[in-house]
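Containing compact mmCIF, C-alpha atoms: work.txt.
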```txt
# COMPACT_ATOMS: atom_id res chain seq x y z
CA MET A 19 -21.38 -7.31 -4.84
CA ALA A 20 -18.75 -8.46 -2.34
CA VAL A 21 -18.96 -11.99 -0.96
CA ILE A 22 -16.97 -12.47 2.24
CA ARG A 23 -16.38 -15.52 4.38
CA PRO A 24 -14.67 -16.40 7.68
CA PHE A 25 -11.64 -18.70 7.62
CA ARG A 26 -9.25 -20.56 9.89
CA GLY A 27 -6.33 -18.16 9.90
CA LEU A 28 -2.73 -19.26 10.31
CA ARG A 29 -1.04 -17.08 12.94
CA TYR A 30 2.26 -16.85 14.77
CA ASN A 31 2.10 -18.86 17.98
CA PRO A 32 2.76 -16.55 20.98
CA LEU A 33 3.89 -19.59 22.99
CA ARG A 34 6.78 -20.00 20.54
CA ILE A 35 7.40 -16.34 19.61
CA ALA A 36 7.80 -14.17 22.71
CA ASP A 37 8.18 -10.92 20.77
CA LEU A 38 5.55 -10.94 18.03
CA ALA A 39 6.71 -7.55 16.74
CA SER A 40 10.02 -9.18 15.75
CA VAL A 41 8.33 -11.39 13.15
CA MET A 42 6.15 -8.73 11.50
CA SER A 43 6.90 -6.59 8.44
CA LEU A 44 5.44 -3.90 6.24
CA PRO A 45 4.30 -5.07 2.78
CA TYR A 46 7.23 -6.06 0.56
CA ASP A 47 6.70 -3.23 -1.94
CA VAL A 48 7.31 -0.43 0.57
CA LEU A 49 10.47 -1.95 2.06
CA THR A 50 14.01 -1.01 1.11
CA GLU A 51 16.77 -3.62 0.91
CA ARG A 52 18.11 -2.16 4.15
CA ASP A 53 14.69 -2.69 5.78
CA ARG A 54 14.70 -6.27 4.58
CA GLU A 55 18.14 -6.94 6.00
CA GLU A 56 17.15 -5.49 9.37
CA LEU A 57 14.02 -7.69 9.43
CA TYR A 58 16.10 -10.74 8.53
CA GLN A 59 18.29 -9.98 11.53
CA ALA A 60 15.30 -9.32 13.81
CA SER A 61 14.18 -12.96 13.78
CA PRO A 62 14.80 -16.20 11.87
CA TYR A 63 10.99 -16.38 11.60
CA ASN A 64 10.28 -12.90 10.27
CA ILE A 65 7.53 -12.94 7.63
CA VAL A 66 9.77 -11.00 5.23
CA ARG A 67 11.63 -14.27 4.60
CA LEU A 68 8.40 -15.48 2.96
CA ILE A 69 7.02 -12.37 1.27
CA TRP A 70 10.38 -11.00 -0.03
CA GLY A 71 13.01 -13.68 0.01
CA LYS A 72 16.54 -13.14 -1.26
CA ASP A 73 17.86 -14.26 -4.64
CA LEU A 74 20.89 -16.50 -4.16
CA PRO A 75 23.73 -17.61 -6.46
CA GLY A 76 22.76 -20.68 -8.43
CA ASP A 77 19.01 -20.08 -8.25
CA GLY A 78 16.98 -21.59 -11.06
CA PRO A 79 13.82 -23.62 -11.71
CA GLN A 80 14.78 -26.28 -9.14
CA GLU A 81 15.78 -23.89 -6.36
CA ASN A 82 14.74 -20.28 -5.86
CA LYS A 83 13.26 -17.85 -3.35
CA TYR A 84 9.68 -18.98 -4.05
CA LEU A 85 10.43 -22.63 -3.30
CA ARG A 86 12.40 -21.60 -0.21
CA ALA A 87 9.40 -19.60 0.99
CA SER A 88 7.17 -22.66 0.54
CA ARG A 89 9.58 -24.87 2.48
CA LEU A 90 9.93 -22.32 5.27
CA LEU A 91 6.17 -21.91 5.56
CA HIS A 92 5.64 -25.65 6.00
CA GLU A 93 8.63 -25.98 8.35
CA TRP A 94 7.26 -23.23 10.60
CA MET A 95 3.86 -24.93 10.60
CA GLY A 96 5.44 -28.27 11.46
CA GLU A 97 7.48 -26.72 14.28
CA GLY A 98 4.47 -24.96 15.77
CA ILE A 99 5.85 -21.48 15.00
CA LEU A 100 2.68 -20.93 12.98
CA ALA A 101 -0.58 -22.41 14.29
CA ARG A 102 -3.96 -22.78 12.58
CA GLU A 103 -7.03 -21.28 14.23
CA GLU A 104 -9.32 -23.94 15.68
CA GLN A 105 -12.48 -22.09 14.61
CA GLU A 106 -13.38 -20.09 11.55
CA ALA A 107 -13.10 -16.38 12.24
CA LEU A 108 -13.45 -12.92 10.83
CA TYR A 109 -10.73 -10.74 12.33
CA LEU A 110 -11.18 -7.23 13.67
CA TYR A 111 -7.97 -5.30 12.98
CA VAL A 112 -7.35 -1.92 14.63
CA GLN A 113 -4.38 0.36 13.93
CA ASP A 114 -3.60 3.27 16.27
CA PHE A 115 -1.16 5.88 15.02
CA ALA A 116 -0.04 9.49 15.20
CA LEU A 117 -0.17 11.84 12.23
CA GLY A 118 -0.32 15.50 13.07
CA PRO A 119 -1.44 16.78 16.48
CA GLU A 120 -4.28 14.29 17.07
CA PRO A 121 -3.96 10.50 17.60
CA LYS A 122 -5.86 8.45 15.03
CA SER A 123 -7.32 4.97 14.77
CA ARG A 124 -8.46 2.85 11.81
CA ARG A 125 -10.63 -0.28 12.01
CA GLY A 126 -11.15 -3.05 9.47
CA ILE A 127 -12.25 -6.64 9.00
CA ILE A 128 -9.88 -9.33 7.72
CA ALA A 129 -11.85 -11.89 5.69
CA ARG A 130 -11.75 -14.18 2.73
CA VAL A 131 -13.33 -12.39 -0.24
CA ARG A 132 -14.53 -14.10 -3.39
CA LEU A 133 -12.55 -13.05 -6.43
CA ASP A 134 -14.53 -10.85 -8.76
CA ASP A 135 -15.88 -12.05 -12.09
CA CYS A 136 -14.55 -9.75 -14.79
CA ASP A 137 -17.96 -8.29 -15.62
CA SER A 138 -19.49 -7.99 -12.12
CA GLU A 139 -17.55 -4.89 -10.97
CA ALA A 140 -17.80 -6.02 -7.36
CA ILE A 141 -14.09 -5.30 -6.82
CA LEU A 142 -12.56 -2.27 -8.53
CA GLN A 143 -8.94 -1.26 -9.04
CA HIS A 144 -7.44 2.18 -9.54
CA GLU A 145 -3.70 1.80 -10.31
CA GLU A 146 -1.72 0.43 -13.23
CA THR A 147 0.54 -2.51 -12.46
CA PHE A 148 3.93 -3.76 -13.62
CA PRO A 149 4.07 -7.18 -15.40
CA GLU A 150 7.27 -8.16 -13.56
CA GLN A 151 5.72 -7.57 -10.14
CA ARG A 152 2.54 -9.43 -11.08
CA GLU A 153 4.61 -12.42 -12.18
CA ASP A 154 6.66 -12.26 -8.97
CA ARG A 155 3.55 -12.41 -6.78
CA LEU A 156 2.03 -15.14 -8.97
CA ARG A 157 5.11 -17.36 -8.60
CA LEU A 158 5.00 -16.88 -4.83
CA LEU A 159 1.30 -17.76 -4.72
CA ARG A 160 1.83 -20.89 -6.81
CA ALA A 161 4.69 -22.07 -4.58
CA THR A 162 3.19 -21.37 -1.15
CA GLN A 163 -0.52 -21.93 -1.84
CA ALA A 164 -1.21 -19.15 0.66
CA ASN A 165 -2.06 -15.46 0.95
CA LEU A 166 0.92 -14.49 3.09
CA ASP A 167 -0.33 -10.95 3.64
CA SER A 168 -3.58 -9.12 3.15
CA ILE A 169 -4.85 -6.95 0.34
CA PHE A 170 -6.21 -3.61 1.59
CA ALA A 171 -9.68 -2.77 0.23
CA LEU A 172 -12.27 -0.09 0.92
CA HIS A 173 -16.04 -0.28 1.15
CA GLU A 174 -18.58 2.53 1.31
CA GLY A 175 -20.79 2.94 4.35
CA MET A 176 -20.56 1.79 7.97
CA GLY A 177 -23.84 0.25 9.16
CA GLY A 178 -24.95 0.01 12.75
CA HIS A 179 -24.42 -3.77 12.94
CA LEU A 180 -20.78 -3.40 11.98
CA ARG A 181 -20.18 -0.62 14.50
CA ALA A 182 -21.88 -2.59 17.26
CA ILE A 183 -19.81 -5.70 16.55
CA PHE A 184 -16.60 -3.66 16.49
CA ASP A 185 -17.42 -1.99 19.80
CA GLN A 186 -18.36 -5.28 21.42
CA GLU A 187 -15.17 -7.03 20.30
CA MET A 188 -12.96 -4.18 21.44
CA GLY A 189 -14.37 -4.63 24.94
CA ARG A 190 -12.57 -7.99 25.12
CA SER A 191 -8.85 -8.68 25.38
CA ALA A 192 -7.10 -8.65 22.03
CA LEU A 193 -5.43 -11.75 20.60
CA LEU A 194 -2.51 -9.58 19.61
CA ASP A 195 -1.43 -6.12 20.74
CA LEU A 196 1.93 -4.83 19.55
CA ARG A 197 3.71 -1.71 18.41
CA ASP A 198 5.78 -2.12 15.27
CA ARG A 199 9.23 -0.67 14.55
CA TRP A 200 7.55 2.18 12.63
CA GLY A 201 5.56 3.34 15.69
CA VAL A 202 2.08 2.04 14.80
CA ARG A 203 0.08 0.01 17.32
CA HIS A 204 -1.71 -3.06 15.93
CA ARG A 205 -4.50 -4.96 17.69
CA LEU A 206 -6.31 -8.08 16.50
CA TRP A 207 -9.47 -9.88 17.63
CA ALA A 208 -10.96 -13.13 16.24
CA ILE A 209 -14.73 -12.91 15.76
CA THR A 210 -15.92 -16.54 15.98
CA ASP A 211 -19.67 -16.16 16.62
CA PRO A 212 -21.55 -17.51 13.54
CA LYS A 213 -24.38 -15.01 14.15
CA ALA A 214 -21.89 -12.14 13.97
CA HIS A 215 -20.46 -13.67 10.78
CA ARG A 216 -23.89 -13.68 9.16
CA ARG A 217 -24.60 -10.08 10.15
CA ILE A 218 -21.26 -8.92 8.77
CA GLU A 219 -21.65 -10.97 5.58
CA GLN A 220 -25.13 -9.55 4.99
CA GLU A 221 -24.05 -5.98 5.61
CA MET A 222 -20.97 -6.27 3.40
CA GLY A 223 -22.84 -8.19 0.71
CA ASN A 224 -24.46 -5.02 -0.62
CA ARG A 225 -21.17 -3.20 -1.09
CA ARG A 226 -18.65 -2.73 -3.83
CA LEU A 227 -14.96 -2.91 -2.90
CA PHE A 228 -12.18 -0.60 -4.02
CA ILE A 229 -8.63 -1.96 -3.82
CA ALA A 230 -6.40 0.48 -1.96
CA ASP A 231 -3.15 -1.53 -1.77
CA GLY A 232 -2.24 -4.87 -3.29
CA HIS A 233 -3.06 -4.46 -6.98
CA HIS A 234 -0.26 -6.81 -8.07
CA ARG A 235 -1.32 -9.48 -5.58
CA TYR A 236 -4.94 -9.18 -6.67
CA GLU A 237 -4.11 -9.53 -10.36
CA ALA A 238 -1.82 -12.47 -9.54
CA ALA A 239 -4.76 -14.09 -7.73
CA LEU A 240 -7.01 -13.59 -10.75
CA GLN A 241 -4.43 -15.29 -12.95
CA TYR A 242 -4.05 -18.12 -10.45
CA ARG A 243 -7.82 -18.66 -10.49
CA ARG A 244 -7.64 -19.08 -14.26
CA GLU A 245 -5.04 -21.79 -13.70
CA MET A 246 -6.73 -23.43 -10.70
CA SER A 247 -10.50 -23.18 -11.06
CA GLU A 248 -11.19 -24.34 -7.48
CA TYR A 249 -9.35 -21.32 -6.10
CA ASP A 250 -11.75 -18.36 -5.93
CA GLN A 251 -11.03 -16.45 -2.70
CA ILE A 252 -8.36 -14.11 -1.40
CA MET A 253 -7.63 -12.54 1.99
CA MET A 254 -8.51 -8.86 2.30
CA THR A 255 -8.68 -6.25 5.04
CA LEU A 256 -11.87 -4.22 4.52
CA VAL A 257 -12.03 -0.64 5.79
CA SER A 258 -14.90 1.81 5.44
CA THR A 259 -14.37 4.94 3.37
CA GLU A 260 -16.08 6.74 6.27
CA ASP A 261 -13.44 5.63 8.78
CA PRO A 262 -11.84 8.78 10.28
CA GLY A 263 -8.46 7.01 10.30
CA LEU A 264 -8.41 6.51 6.52
CA ILE A 265 -5.47 8.63 5.36
CA ILE A 266 -3.95 9.08 1.87
CA LEU A 267 -0.48 10.63 1.73
CA PRO A 268 1.20 12.10 -1.37
CA VAL A 269 3.73 10.08 -3.34
CA HIS A 270 6.61 12.35 -4.33
CA ARG A 271 8.97 11.51 -7.21
CA LEU A 272 12.76 11.51 -6.75
CA LEU A 273 15.00 11.58 -9.83
CA ARG A 274 18.64 10.49 -10.13
CA GLY A 275 21.15 10.56 -12.97
CA MET A 276 19.98 13.92 -14.33
CA GLY A 277 23.30 15.74 -14.59
CA ARG A 278 24.69 18.96 -13.13
CA ASP A 279 22.41 21.39 -14.98
CA ALA A 280 19.26 19.29 -14.68
CA LEU A 281 17.26 21.87 -12.71
CA LYS A 282 18.12 24.77 -15.01
CA GLN A 283 17.39 22.79 -18.17
CA LEU A 284 14.09 21.46 -16.86
CA LEU A 285 12.91 24.89 -15.76
CA GLN A 286 13.60 26.21 -19.25
CA LYS A 287 11.58 23.38 -20.83
CA ALA A 288 8.77 23.62 -18.30
CA ALA A 289 8.27 27.36 -18.90
CA SER A 290 6.54 26.60 -22.22
CA GLN A 291 3.78 24.59 -20.53
CA PHE A 292 3.68 25.73 -16.90
CA SER A 293 3.74 28.92 -14.93
CA VAL A 294 6.96 28.79 -12.88
CA THR A 295 7.35 30.64 -9.58
CA GLU A 296 10.36 30.56 -7.27
CA THR A 297 9.82 30.64 -3.50
CA ARG A 298 12.13 30.35 -0.49
CA LEU A 299 11.92 27.42 1.88
CA PRO A 300 12.03 28.26 5.57
CA GLU A 301 14.50 26.61 7.94
CA GLY A 302 13.43 23.69 10.11
CA GLU A 303 11.68 20.51 8.94
CA GLU A 304 8.30 21.23 10.52
CA GLU A 305 8.27 24.72 9.04
CA ARG A 306 9.24 23.34 5.63
CA LEU A 307 6.54 20.68 5.78
CA THR A 308 3.85 23.24 6.57
CA PHE A 309 5.14 25.64 3.92
CA VAL A 310 5.21 23.04 1.14
CA HIS A 311 1.71 21.85 2.04
CA GLN A 312 0.35 25.41 1.98
CA GLN A 313 2.00 26.21 -1.35
CA LEU A 314 0.80 23.05 -3.08
CA GLU A 315 -2.78 23.21 -1.84
CA GLN A 316 -3.40 26.63 -3.35
CA GLU A 317 -5.96 26.57 -6.19
CA ARG A 318 -6.37 22.79 -5.90
CA VAL A 319 -9.65 22.69 -7.80
CA SER A 320 -8.69 24.89 -10.75
CA SER A 321 -4.97 24.19 -11.22
CA TYR A 322 -2.34 21.50 -11.36
CA ARG A 323 0.51 22.35 -9.04
CA PHE A 324 3.86 20.70 -8.34
CA GLY A 325 6.88 21.60 -6.26
CA LEU A 326 10.27 21.16 -7.92
CA TYR A 327 13.32 21.04 -5.66
CA GLY A 328 16.93 20.84 -6.76
CA GLY A 329 18.74 21.77 -3.55
CA GLY A 330 19.44 24.91 -1.51
CA ASP A 331 16.51 26.93 -0.21
CA SER A 332 14.66 27.46 -3.50
CA LEU A 333 11.41 25.67 -4.22
CA PHE A 334 9.97 26.14 -7.71
CA LEU A 335 6.19 25.89 -8.13
CA LEU A 336 4.95 24.65 -11.50
CA SER A 337 1.29 25.42 -12.19
CA SER A 338 -1.16 25.09 -15.07
CA SER A 339 -4.91 25.46 -15.40
CA LYS A 340 -7.25 22.46 -15.46
CA SER A 341 -9.61 22.20 -18.40
CA GLY A 342 -11.40 19.64 -20.55
CA PRO A 343 -14.22 17.13 -20.10
CA GLN A 344 -11.95 14.52 -18.44
CA ILE A 345 -9.53 16.24 -16.11
CA PRO A 346 -6.40 14.14 -15.43
CA LEU A 347 -4.95 13.79 -11.95
CA ASP A 348 -1.90 15.73 -10.83
CA VAL A 349 0.24 12.58 -10.90
CA GLU A 350 -0.92 11.80 -14.45
CA ILE A 351 0.16 15.25 -15.65
CA LEU A 352 3.47 14.88 -13.82
CA ASP A 353 4.19 11.42 -15.21
CA GLU A 354 3.00 12.05 -18.76
CA ILE A 355 3.97 15.66 -19.51
CA ILE A 356 7.02 16.17 -17.31
CA LEU A 357 8.69 12.80 -16.70
CA ARG A 358 7.81 11.22 -20.02
CA GLY A 359 7.45 14.34 -22.22
CA LEU A 360 9.99 16.90 -21.02
CA LEU A 361 12.52 14.45 -19.57
CA GLY A 362 11.97 11.51 -21.92
CA LEU A 363 11.78 8.95 -19.10
CA LYS A 364 9.87 5.80 -19.95
CA GLY A 365 9.97 2.07 -19.48
CA LEU A 366 12.97 0.51 -17.79
CA GLU A 367 14.89 3.79 -17.70
CA LYS A 368 12.11 5.40 -15.70
CA GLU A 369 12.01 2.48 -13.25
CA GLU A 370 15.77 2.74 -12.72
CA ARG A 371 15.95 6.53 -12.29
CA VAL A 372 12.72 7.39 -10.45
CA SER A 373 12.09 6.56 -6.80
CA TYR A 374 9.11 7.36 -4.59
CA THR A 375 8.52 8.59 -1.06
CA SER A 376 5.52 9.82 0.90
CA ASP A 377 7.78 11.75 3.30
CA THR A 378 8.08 15.38 2.16
CA CYS A 379 11.00 16.24 4.44
CA ALA A 380 12.83 13.06 3.45
CA ALA A 381 12.47 14.03 -0.22
CA LEU A 382 14.09 17.38 0.46
CA ARG A 383 16.86 15.76 2.51
CA GLU A 384 17.68 13.21 -0.20
CA VAL A 385 18.24 15.97 -2.75
CA GLU A 386 20.23 18.09 -0.30
CA ALA A 387 22.46 15.10 0.44
CA GLY A 388 23.07 14.50 -3.26
CA SER A 389 21.41 11.07 -3.30
CA TYR A 390 19.00 12.40 -5.94
CA ASP A 391 19.16 15.34 -8.33
CA LEU A 392 15.54 16.50 -8.29
CA ALA A 393 12.40 16.02 -6.25
CA PHE A 394 8.87 16.56 -7.52
CA LEU A 395 6.53 17.26 -4.61
CA VAL A 396 2.87 16.50 -5.24
CA ARG A 397 -0.48 16.76 -3.51
CA PRO A 398 -2.14 13.58 -2.28
CA THR A 399 -4.76 11.99 -4.49
CA SER A 400 -8.15 12.38 -2.81
CA LEU A 401 -10.42 9.51 -1.83
CA GLU A 402 -13.11 10.83 -4.17
CA GLU A 403 -10.62 10.76 -7.05
CA VAL A 404 -9.73 7.15 -6.22
CA LYS A 405 -13.39 6.11 -6.25
CA SER A 406 -14.19 8.09 -9.39
CA ILE A 407 -11.28 6.59 -11.33
CA SER A 408 -12.20 3.09 -10.14
CA ARG A 409 -15.86 3.40 -11.10
CA ALA A 410 -14.94 4.66 -14.55
CA GLY A 411 -12.79 1.57 -15.16
CA MET A 412 -9.68 3.72 -15.53
CA ARG A 413 -6.23 3.36 -13.96
CA MET A 414 -3.88 5.86 -12.36
CA PRO A 415 -0.11 5.64 -12.85
CA PRO A 416 1.67 3.32 -10.40
CA LYS A 417 2.47 4.95 -7.06
CA SER A 418 -0.39 7.44 -7.25
CA THR A 419 -1.62 6.80 -3.71
CA TYR A 420 -0.05 5.99 -0.35
CA PHE A 421 -2.61 4.81 2.17
CA TYR A 422 -1.24 5.28 5.68
CA PRO A 423 -0.54 3.36 7.79
CA LYS A 424 0.27 0.24 5.81
CA LEU A 425 -1.23 -3.06 6.89
CA LEU A 426 1.17 -5.21 8.87
CA SER A 427 2.30 -8.39 7.14
CA GLY A 428 2.43 -11.43 9.42
CA LEU A 429 -0.78 -10.87 11.41
CA VAL A 430 -2.76 -13.61 9.66
CA ILE A 431 -2.01 -16.00 6.78
CA ASN A 432 -4.75 -17.53 4.61
CA CYS A 433 -3.97 -21.08 3.48
CA LEU A 434 -5.80 -21.83 0.26
CA GLU A 435 -6.43 -25.51 0.84
CA GLY A 436 -9.00 -25.11 3.62
```
How does this structure look as C-alpha cells?
Amino acid sequence: MAVIRPFRGLRYNPLRIADLASVMSLPYDVLTERDREELYQASPYNIVRLIWGKDLPGDGPQENKYLRASRLLHEWMGEGILAREEQEALYLYVQDFALGPEPKSRRGIIARVRLDDCDSEAILQHEETFPEQREDRLRLLRATQANLDSIFALHEGMGGHLRAIFDQEMGRSALLDLRDRWGVRHRLWAITDPKAHRRIEQEMGNRRLFIADGHHRYEAALQYRREMSEYDQIMMTLVSTEDPGLIILPVHRLLRGMGRDALKQLLQKAASQFSVTETRLPEGEEERLTFVHQQLEQERVSSYRFGLYGGGDSLFLLSSSKSGPQIPLDVEILDEIILRGLLGLKGLEKEERVSYTSDTCAALREVEAGSYDLAFLVRPTSLEEVKSISRAGMRMPPKSTYFYPKLLSGLVINCLEG
C-alpha cells in the first residue's frame, strides 16, 4: 500500500515575493496560451515559466525550454526567490471555493509518495495518456530534477487521527493564505512534528491511492525511475474520497472544422444508433445550466445520454440503452461510437479538431460565437466509476474527468536530490 514521507519543500520566499498569488498557476494542461501569457506578465517569477515554458526560435538539444526551466529554477534558488524548508514537513493544503449555493472546502496532505511497483497496485490510474505529453513531462523532470507541481491522488477513508491533526493545524496561522485569479482560496500549513508524521504515515500506509490528476507526470516519473534507480518518490496531494469538497465536473467536447451542414449530417447518422429528441433551451445562462443538467441526468442508470448543440436555441438529446456485462462509460461511447465511428475522428486529426471544457455555458457560447461548430454536452463521471475502472486495471479516454478545483502549481516544489 501507499508509502508516504515528509520532505523539505522548496517554497516561494514571502520576504522576496510580496504578492504570492502573482507567482502561482493552474496545472499546465488546463491553461490556454492566453492564460500562459497573462501569467508571464503577472511576474518574472511565475511558476508557469518552469512548468510550461515557451518554445523559441533556434531551440534544439543545446538550448530549449526544459534547459531554461532548469536554469531559472537554480537562479531563483540562488537569489532567494525560492527557499528550502529548514525541517522536513508534511503539508496540510486547504482549498475553499464556491460551486452552487453553498461554499465548499477540500483538505489534503502534500507528501512524498513512493512510486508504485508495477505489480503492487498501491497506486492506480484511470485515464489513458498521450505519448507526446508523457515525453514532455519526462524531459522537464530530467532537466530540473524536481517535481515542480503536485500530482493529485485520492485515498479511501478518513481516520480520526487524520481529522484531529487537520483540525489542530488549522487552529494555527497558515504559512500561506491567498486567493488565486480564478477565485479559489488556498491555505497551507507545514506539519513538522515527527509524532504527527508517524501517525499520518501509519494511517495512510493501509490505503491504496487513485490518481485523479497528473497521469502524464506519474508515468514520466515511472520512466525516470527506470533510468535513475535511486529516484523512487514523487510529490502528491492526497485527498480522501469522503471529503465533502471532492467534486468531479463533466468534460464537454467541442468540435471545429465540421462544415456548414455538420449538425444535420450528424443527426442523420446518429438516428441509426441513438434515439434523438429536440428540446428548446431557455434564455439566461443560469436557466440554461439548470436545464441541461436536468435533461442529461434523466435515466442515468439505464441509458447513455448526450446533449448535442449546433447553435440557436435547439438542444438535441441523444440516448441509447445500457446493456452488456461490462457497461462502458458515457465518454467512452461518445469517443468511440460518435467521434471515432460516425465522424471518423482519430489520432492527430482528433487532437487538432476536438477541444474540451468543463464549463457548460462556455461550451454553448463558443458554438454560438462560431468558434466551434458543435458541442457535445456530457454528464460527469462519478467517483465510483473512477474507482471501479481503476481497480479493474482499465483506462478511460483522456479528458474523462475534471476534478474541481485544480491544485495550485507553485505552492511547494519537491527537489529530488534531498
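A distance cut-off of 9 Å around (-16.1, 0.8, -3.2), counting only C-alpha atoms, selects these protein and nucleic acid residues: Ala140, Ile141, Leu142, Ala171, Leu172, His173, Glu174, Arg225, Arg226, Leu227, Phe228, Ile229, Ser258, Thr259, Lys405, Ser408 and Arg409 of chain A.
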Suppose you want the space between CA of Val112 (chain A) and CA of Ala381 (chain A); what is it in Å?
29.5 Å
When you look at Ile355 (chain A) with a cut-off of 12 Å (counting all atoms listed in the file), what residues show up, excluding the ones that are within fewer than 6 positions of it in the same chain? I need them as JSON, numbers by chain.
{"A": [284, 287, 288, 290, 291, 292, 322, 338, 346, 347, 348, 349, 361, 362, 363, 364]}
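Atom to atom, CA of His270 (chain A) and CA of Ser376 (chain A) stand 5.9 Å apart.
Ranking A:Leu158, A:Leu360, A:Leu273, A:Leu110 by their shortest atom-to-atom distance to Asp185 (chain A), with all atoms listed in the file included, puts A:Leu110 first.
Proximity ranking of A:Met412, A:Leu352, A:Met176, A:Leu49 relative to Trp200 (chain A) places A:Leu49 first, based on all atoms listed in the file.
Shortest atom-to-atom contact with Val131 (chain A) among A:Glu104, A:Asp250, A:Asp261, A:Glu153: A:Asp250, counting only C-alpha atoms.
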What are the nearest atom pairs, with distances in Å to one decimal, for all residues of region 91-152 of chain A that come at most 10 Å from region 234-245 of chain A, using only C-alpha atoms, set out by chain and rising residue number as JSON lines?
```
{"residue": "A:Leu133", "atom": "CA", "partner": "A:Leu240", "partner_atom": "CA", "distance": 7.0}
{"residue": "A:Asp134", "atom": "CA", "partner": "A:Leu240", "partner_atom": "CA", "distance": 8.2}
{"residue": "A:Asp135", "atom": "CA", "partner": "A:Leu240", "partner_atom": "CA", "distance": 9.1}
{"residue": "A:Cys136", "atom": "CA", "partner": "A:Leu240", "partner_atom": "CA", "distance": 9.4}
{"residue": "A:Ile141", "atom": "CA", "partner": "A:Tyr236", "partner_atom": "CA", "distance": 9.9}
{"residue": "A:Gln143", "atom": "CA", "partner": "A:Tyr236", "partner_atom": "CA", "distance": 9.2}
{"residue": "A:Glu145", "atom": "CA", "partner": "A:His234", "partner_atom": "CA", "distance": 9.5}
{"residue": "A:Glu146", "atom": "CA", "partner": "A:His234", "partner_atom": "CA", "distance": 9.0}
{"residue": "A:Thr147", "atom": "CA", "partner": "A:His234", "partner_atom": "CA", "distance": 6.2}
{"residue": "A:Phe148", "atom": "CA", "partner": "A:His234", "partner_atom": "CA", "distance": 7.6}
{"residue": "A:Pro149", "atom": "CA", "partner": "A:His234", "partner_atom": "CA", "distance": 8.5}
{"residue": "A:Glu150", "atom": "CA", "partner": "A:His234", "partner_atom": "CA", "distance": 9.4}
{"residue": "A:Gln151", "atom": "CA", "partner": "A:His234", "partner_atom": "CA", "distance": 6.4}
{"residue": "A:Arg152", "atom": "CA", "partner": "A:His234", "partner_atom": "CA", "distance": 4.9}
```
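Across A:Gly126, A:Gly118, A:Gly277, A:Gly96, the tightest approach to Leu425 (chain A) is made by A:Gly126 when counting all atoms listed in the file.
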Rounded to one decimal in Å, what is the spacing between CA of Met254 (chain A) and CA of Arg130 (chain A)?
6.2 Å
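The shortest atom-to-atom distance to Leu196 (chain A), with all atoms listed in the file taken into account, belongs to A:Ala36 out of A:Leu382, A:Ala387, A:Ile252, A:Ala36.
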Which residues come within 12 Å of Lys213 (chain A), counting all atoms listed in the file, excluding same-chain residues fewer than 6 positions away, as a ChimeraX atom specification?
/A:24,107-108,179,183,219-220
Since the input lacks some atoms of region 98-112 of chain A, please model N, CA and C atoms and print them as a PDB file, keeping the file's coordinate frame.
```pdb
ATOM      1  N   GLY A  98       5.373 -25.663  14.863  1.00  0.00           N
ATOM      2  CA  GLY A  98       4.470 -24.960  15.770  1.00  0.00           C
ATOM      3  C   GLY A  98       4.738 -23.475  15.874  1.00  0.00           C
ATOM      4  N   ILE A  99       5.618 -22.937  15.027  1.00  0.00           N
ATOM      5  CA  ILE A  99       5.850 -21.480  15.000  1.00  0.00           C
ATOM      6  C   ILE A  99       4.585 -20.788  14.496  1.00  0.00           C
ATOM      7  N   LEU A 100       3.958 -21.395  13.495  1.00  0.00           N
ATOM      8  CA  LEU A 100       2.680 -20.930  12.980  1.00  0.00           C
ATOM      9  C   LEU A 100       1.618 -21.960  13.347  1.00  0.00           C
ATOM     10  N   ALA A 101       0.489 -21.502  13.856  1.00  0.00           N
ATOM     11  CA  ALA A 101      -0.580 -22.410  14.290  1.00  0.00           C
ATOM     12  C   ALA A 101      -1.899 -22.009  13.641  1.00  0.00           C
ATOM     13  N   ARG A 102      -2.660 -22.996  13.238  1.00  0.00           N
ATOM     14  CA  ARG A 102      -3.960 -22.780  12.580  1.00  0.00           C
ATOM     15  C   ARG A 102      -5.040 -22.531  13.623  1.00  0.00           C
ATOM     16  N   GLU A 103      -5.899 -21.572  13.347  1.00  0.00           N
ATOM     17  CA  GLU A 103      -7.030 -21.280  14.230  1.00  0.00           C
ATOM     18  C   GLU A 103      -7.943 -22.499  14.327  1.00  0.00           C
ATOM     19  N   GLU A 104      -8.439 -22.791  15.512  1.00  0.00           N
ATOM     20  CA  GLU A 104      -9.320 -23.940  15.680  1.00  0.00           C
ATOM     21  C   GLU A 104     -10.704 -23.684  15.093  1.00  0.00           C
ATOM     22  N   GLN A 105     -11.163 -22.432  15.145  1.00  0.00           N
ATOM     23  CA  GLN A 105     -12.480 -22.090  14.610  1.00  0.00           C
ATOM     24  C   GLN A 105     -12.343 -21.096  13.475  1.00  0.00           C
ATOM     25  N   GLU A 106     -13.328 -21.112  12.589  1.00  0.00           N
ATOM     26  CA  GLU A 106     -13.380 -20.090  11.550  1.00  0.00           C
ATOM     27  C   GLU A 106     -13.614 -18.727  12.191  1.00  0.00           C
ATOM     28  N   ALA A 107     -12.973 -17.709  11.646  1.00  0.00           N
ATOM     29  CA  ALA A 107     -13.100 -16.380  12.240  1.00  0.00           C
ATOM     30  C   ALA A 107     -13.069 -15.302  11.165  1.00  0.00           C
ATOM     31  N   LEU A 108     -13.717 -14.201  11.473  1.00  0.00           N
ATOM     32  CA  LEU A 108     -13.450 -12.920  10.830  1.00  0.00           C
ATOM     33  C   LEU A 108     -12.639 -12.126  11.838  1.00  0.00           C
ATOM     34  N   TYR A 109     -11.646 -11.403  11.395  1.00  0.00           N
ATOM     35  CA  TYR A 109     -10.730 -10.740  12.330  1.00  0.00           C
ATOM     36  C   TYR A 109     -10.957  -9.231  12.325  1.00  0.00           C
ATOM     37  N   LEU A 110     -11.136  -8.677  13.503  1.00  0.00           N
ATOM     38  CA  LEU A 110     -11.180  -7.230  13.670  1.00  0.00           C
ATOM     39  C   LEU A 110      -9.750  -6.739  13.844  1.00  0.00           C
ATOM     40  N   TYR A 111      -9.341  -5.812  13.002  1.00  0.00           N
ATOM     41  CA  TYR A 111      -7.970  -5.300  12.980  1.00  0.00           C
ATOM     42  C   TYR A 111      -8.007  -3.801  13.206  1.00  0.00           C
ATOM     43  N   VAL A 112      -7.359  -3.333  14.272  1.00  0.00           N
ATOM     44  CA  VAL A 112      -7.350  -1.920  14.630  1.00  0.00           C
ATOM     45  C   VAL A 112      -5.906  -1.412  14.621  1.00  0.00           C
TER      46      VAL A 112
END
```
